[in-house]
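Reviewing the structure listed below.
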Amino acid sequence: MDKGDVSITLQEWLQQVESALVQDRQRMTKQRRLVAETLWQHRHFNVDELHRQVRERDSAIGYATTYRTVKLLERAGLVHAGQFGDGTARFEVVVGDSDHHDHLICTRCGAIVEFELEAIEQLQKQVAELHGYALTAHRLDMFGLCPSCQKAGKRI
């Protein structure tokens with residue numbers, strides 16, 4: 001899934017970011033805007049990777065600014081932290097309920113593919129009902145070798 005599949009634009013998401021900052025009594029600085037834009041453009045960053053990407057565009061932005069901005073966006077529900085098997089929290093932009101997706105994660109190179117499949121969604125609901133659960137949230141991550149790692153003969 002790429003950003004073209006979501007129902008809001010970067011500009012609309014940045015407005016949500018600015019509202020969250022104002023609610024937290026913060027300002028939308030040039031540095032925070034750059035962190036938010038970079039998060040929007042690239043999914044599944046950990047804070048170190050995000051900071052490197054941000055510094056490519058503005059070398060004056062410090063790690064603390066990047067980290068604090070991500071944590072503020074996470075508290076506001078605009079960014080979600082997930083574990084993808086490499087021991088580090090990776091962040092994704094949240095654009096509403098319609099942005100639910102699952103992940104295929106390569107255990108060798110770390111590639112992450114997002115996918116949606118209605119049949120899986122229905123099965124998850126059936127499993128919850130079978131066990132008497134009322135789902136409030138769910139997540140599916142599948143681990144394996146991506147096609148490139150398979151071709152290269154790499155093992156798990």
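We label chains A, B, ... in the order they appear in the structure tokens, count residues from 1 in each chain, and number ligands from 1 in the order shown.
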Surrounding residues of A:Ala36 excluding itself and chain neighbours under 3 positions, 12 Å, only C-alpha atoms, as a VMD selection string
chain A and resid 10 to 18 20 to 21 28 to 33 39 to 43 45 50 to 51 53 to 54 65 to 74 78 to 79 91 to 94
Looking only at strand (DSSP E or B) from DSSP on the backbone, list the matching residues of chain A as a list of chain:residue names.
A:Phe45, A:Val79, A:His80, A:Ala81, A:Gly82, A:Gln83, A:Ala89, A:Arg90, A:Phe91, A:Glu92, A:Val93, A:Asp102, A:His103, A:Leu104, A:Ile105, A:Cys106, A:Ile112, A:Val113, A:Glu114, A:Phe115, A:Asp141, A:Met142, A:Phe143, A:Gly144
Using only C-alpha atoms, which of the listed residues (A:His44, A:Pro147, A:Ala76, A:Leu104) sits closest to A:Ser19?
A:Ala76
For atom CA of A:Gln124 and atom CA of A:Ala81, quote the distance in Å rounded to one decimal.
21.5 Å
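Nearest-residue note for A:Arg90: choosing from A:Glu129, A:Glu49, A:Asp24, A:Asp58, the minimum distance belongs to A:Glu49, counting only C-alpha atoms.
With only C-alpha atoms as the atoms that count, the minimum distance from A:Gln150 to the choices A:Ile112, A:Val35, A:Val47, A:Cys106 is reached by A:Cys106.
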DSSP-assigned helix (DSSP H, G or I) among stretch 25-123 of chain A, expressed as a PyMOL selection string:
chain A and resi 30-41+47-57+63-75+97-99+118-123
Please write the residues from the selection above to a file, keeping N, CA and C atoms, as a compact mmCIF listing (two decimals), in the first residue's frame.
# COMPACT_ATOMS: atom_id res chain seq x y z
N LYS A 30 9.67 24.45 11.72
CA LYS A 30 10.18 23.92 10.45
C LYS A 30 10.74 22.51 10.66
N GLN A 31 11.43 22.29 11.78
CA GLN A 31 12.02 21.00 12.07
C GLN A 31 10.96 19.92 12.29
N ARG A 32 9.92 20.25 13.07
CA ARG A 32 8.84 19.28 13.32
C ARG A 32 8.09 18.96 12.04
N ARG A 33 7.88 19.98 11.20
CA ARG A 33 7.21 19.75 9.92
C ARG A 33 8.04 18.78 9.07
N LEU A 34 9.34 18.96 9.05
CA LEU A 34 10.21 18.08 8.26
C LEU A 34 10.16 16.64 8.78
N VAL A 35 10.15 16.47 10.10
CA VAL A 35 10.03 15.13 10.68
C VAL A 35 8.70 14.51 10.27
N ALA A 36 7.61 15.27 10.36
CA ALA A 36 6.28 14.76 9.99
C ALA A 36 6.21 14.42 8.50
N GLU A 37 6.76 15.28 7.66
CA GLU A 37 6.75 15.00 6.21
C GLU A 37 7.54 13.74 5.89
N THR A 38 8.67 13.56 6.54
CA THR A 38 9.51 12.39 6.30
C THR A 38 8.80 11.12 6.75
N LEU A 39 8.13 11.19 7.89
CA LEU A 39 7.34 10.04 8.35
C LEU A 39 6.26 9.69 7.33
N TRP A 40 5.60 10.70 6.79
CA TRP A 40 4.53 10.48 5.81
C TRP A 40 5.06 9.79 4.55
N GLN A 41 6.23 10.21 4.12
CA GLN A 41 6.77 9.72 2.86
C GLN A 41 7.37 8.33 2.95
N VAL A 47 13.45 5.29 14.91
CA VAL A 47 13.83 6.69 15.13
C VAL A 47 15.20 6.99 14.54
N ASP A 48 16.15 6.05 14.63
CA ASP A 48 17.48 6.28 14.07
C ASP A 48 17.41 6.48 12.56
N GLU A 49 16.67 5.61 11.87
CA GLU A 49 16.53 5.74 10.41
C GLU A 49 15.82 7.04 10.04
N LEU A 50 14.78 7.36 10.78
CA LEU A 50 14.06 8.60 10.53
C LEU A 50 14.98 9.80 10.69
N HIS A 51 15.77 9.79 11.76
CA HIS A 51 16.67 10.91 12.01
C HIS A 51 17.69 11.06 10.88
N ARG A 52 18.22 9.92 10.39
CA ARG A 52 19.17 10.00 9.27
C ARG A 52 18.51 10.62 8.03
N GLN A 53 17.27 10.20 7.74
CA GLN A 53 16.56 10.75 6.58
C GLN A 53 16.29 12.25 6.75
N VAL A 54 15.89 12.65 7.94
CA VAL A 54 15.61 14.06 8.21
C VAL A 54 16.89 14.89 8.07
N ARG A 55 18.00 14.37 8.59
CA ARG A 55 19.28 15.11 8.53
C ARG A 55 19.81 15.24 7.11
N GLU A 56 19.39 14.35 6.21
CA GLU A 56 19.79 14.51 4.80
C GLU A 56 19.19 15.78 4.22
N ARG A 57 18.06 16.19 4.73
CA ARG A 57 17.39 17.41 4.25
C ARG A 57 17.74 18.65 5.08
N TYR A 63 18.77 14.77 17.15
CA TYR A 63 18.10 13.51 17.45
C TYR A 63 16.95 13.73 18.43
N ALA A 64 17.17 14.58 19.42
CA ALA A 64 16.13 14.82 20.43
C ALA A 64 14.87 15.41 19.80
N THR A 65 15.02 16.31 18.85
CA THR A 65 13.87 16.89 18.16
C THR A 65 13.10 15.80 17.41
N THR A 66 13.83 14.95 16.71
CA THR A 66 13.20 13.84 15.98
C THR A 66 12.45 12.94 16.95
N TYR A 67 13.12 12.51 17.99
CA TYR A 67 12.53 11.58 18.96
C TYR A 67 11.30 12.19 19.63
N ARG A 68 11.43 13.42 20.12
CA ARG A 68 10.29 14.05 20.81
C ARG A 68 9.10 14.25 19.88
N THR A 69 9.36 14.59 18.63
CA THR A 69 8.28 14.78 17.67
C THR A 69 7.55 13.46 17.42
N VAL A 70 8.28 12.39 17.24
CA VAL A 70 7.67 11.08 17.01
C VAL A 70 6.84 10.67 18.23
N LYS A 71 7.38 10.84 19.42
CA LYS A 71 6.66 10.44 20.64
C LYS A 71 5.40 11.29 20.82
N LEU A 72 5.46 12.55 20.50
CA LEU A 72 4.28 13.40 20.59
C LEU A 72 3.21 12.94 19.60
N LEU A 73 3.62 12.61 18.38
CA LEU A 73 2.68 12.13 17.36
C LEU A 73 2.09 10.77 17.75
N GLU A 74 2.89 9.96 18.41
CA GLU A 74 2.38 8.67 18.89
C GLU A 74 1.33 8.89 19.98
N ARG A 75 1.61 9.77 20.93
CA ARG A 75 0.64 10.07 21.99
C ARG A 75 -0.67 10.62 21.41
N ASP A 97 -9.29 4.75 10.47
CA ASP A 97 -9.68 3.34 10.52
C ASP A 97 -9.53 2.65 9.17
N SER A 98 -9.67 3.40 8.09
CA SER A 98 -9.61 2.79 6.77
C SER A 98 -8.20 2.40 6.38
N ASP A 99 -7.22 2.75 7.19
CA ASP A 99 -5.82 2.47 6.86
C ASP A 99 -5.35 1.14 7.45
N GLU A 118 -9.52 -9.10 2.50
CA GLU A 118 -10.79 -9.17 3.22
C GLU A 118 -11.04 -10.54 3.81
N ALA A 119 -10.64 -11.61 3.13
CA ALA A 119 -10.85 -12.96 3.65
C ALA A 119 -10.15 -13.14 5.00
N ILE A 120 -8.95 -12.58 5.14
CA ILE A 120 -8.23 -12.67 6.43
C ILE A 120 -8.96 -11.87 7.50
N GLU A 121 -9.45 -10.71 7.13
CA GLU A 121 -10.19 -9.88 8.09
C GLU A 121 -11.41 -10.65 8.61
N GLN A 122 -12.14 -11.30 7.71
CA GLN A 122 -13.32 -12.06 8.11
C GLN A 122 -12.96 -13.24 9.00
N LEU A 123 -11.87 -13.94 8.68
CA LEU A 123 -11.43 -15.06 9.51
C LEU A 123 -11.05 -14.61 10.92
How many Å separate atom CA of A:His103 from atom CA of A:Leu140?
6.4 Å
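Using only C-alpha atoms, the smallest distance between any of A:Ala128, A:Ile8, A:Cys149, A:Met142 and A:Glu114 comes from A:Met142.
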